[in-house]
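To start, the structure itself, in structure tokens.
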Amino acid sequence: MTYVVTDNCIRCKYMDCVEVCPVDCFYEGENMLVINPNECIDCGVCEPECPAEAILPDTENGLEKWLELNRTYSESWPNITQKGDVPADADAMKDVPDKFEQFFSSEPGSGS
Ligand code: SF4
Ligand code: SF4
């Protein structure tokens, strides 16, 4: 089992999650974060910290796509352990549906 970052993180990126993870297993893309499933210890601490409710346990149904996305991009995006600047339009983007189709970027973030 692992926790995974899902659609609602895209272009929100509040980054409250990275500050609490005891094993620093978040990785930064241009407009979302992912969790490395091989490093996550399933502690669940990050889940309630996410204002966008984007972090879910992979035991929930229908998350296979997100598990694969988290696995794939955590291998190429840089590690992030400290909260950076939140995008100016994060609140406006918070509950927009189907963000993956519209806004997902495979480009890496800067990490920290
Ligand atoms: S707190 Fe939630 S929305 Fe923000 S970066 Fe972490 S997973 Fe994404
Ligand atoms: S569940 Fe725990 S180990 Fe896994 S990403 Fe969240 S805070 Fe880190």
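Ordering of the structure tokens sets the chain letters (A, B, ...), residue numbers begin anew at 1 in every chain, and ligands are numbered from 1 in the order given.
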- Message: Any residue with an atom at most 7 Å from ligand 1 counts, using only C-alpha atoms and all ligand atoms. Which are they? Put them as a ChimeraX atom specification.
- Response: /A:5,8-10,12-18,32-33,49-55
- Task: Name the residues, by chain letter and number, that sit within 8 Å of ligand 2 using only C-alpha atoms and all ligand atoms, and give them as a PyMOL selection string.
- Result: chain A and resi 2-4+17-18+20-26+35-37+39-47+55+57
- Give the strand (DSSP E or B) residues of range 4-63 of chain A, as DSSP finds them on the backbone, and put them as a ChimeraX atom specification. /A:4-5,26-29,33-35,55-57
File dump, residues just selected, C-alpha atoms, as a short mmCIF file (atom, residue, chain, number, x, y, z; two decimals), in the first residue's frame:
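Generated output (again_16.cif):
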data_model
loop_
_atom_site.label_atom_id
_atom_site.label_comp_id
_atom_site.auth_asym_id
_atom_site.auth_seq_id
_atom_site.Cartn_x
_atom_site.Cartn_y
_atom_site.Cartn_z
CA VAL A 4 -0.96 8.75 -3.96
CA VAL A 5 -1.42 12.33 -5.14
CA PHE A 26 7.38 13.86 -2.41
CA TYR A 27 8.63 14.83 -5.88
CA GLU A 28 7.86 18.03 -7.74
CA GLY A 29 6.51 18.47 -11.23
CA LEU A 33 3.52 16.80 -6.75
CA VAL A 34 3.71 13.01 -6.62
CA ILE A 35 4.62 10.44 -3.95
CA ILE A 55 -3.89 12.71 -1.28
CA LEU A 56 -5.61 9.33 -1.04
CA PRO A 57 -4.64 5.79 0.03
#
- Kindly give the distance, in Å, that separates CA of Gly109 in chain A and CA of Asn61 in chain A, rounded to a single decimal. 28.7 Å
- Have a look at CA of Ser105 in chain A and CA of Thr81 in chain A and let me know their distance in Å, one decimal.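 Interatomic distance here is 20.4 Å.
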- Task: Go ahead and compute the interatomic distance for CA of Val96 in chain A and CA of Asn79 in chain A, in Å to one decimal.
- Result: 26.3 Å
- Mind listing the helix (DSSP H, G or I) residues of chain A, per DSSP on the backbone, as a PyMOL selection string? chain A and resi 7-9+16-20+47-49+64-74+90-93+99-103
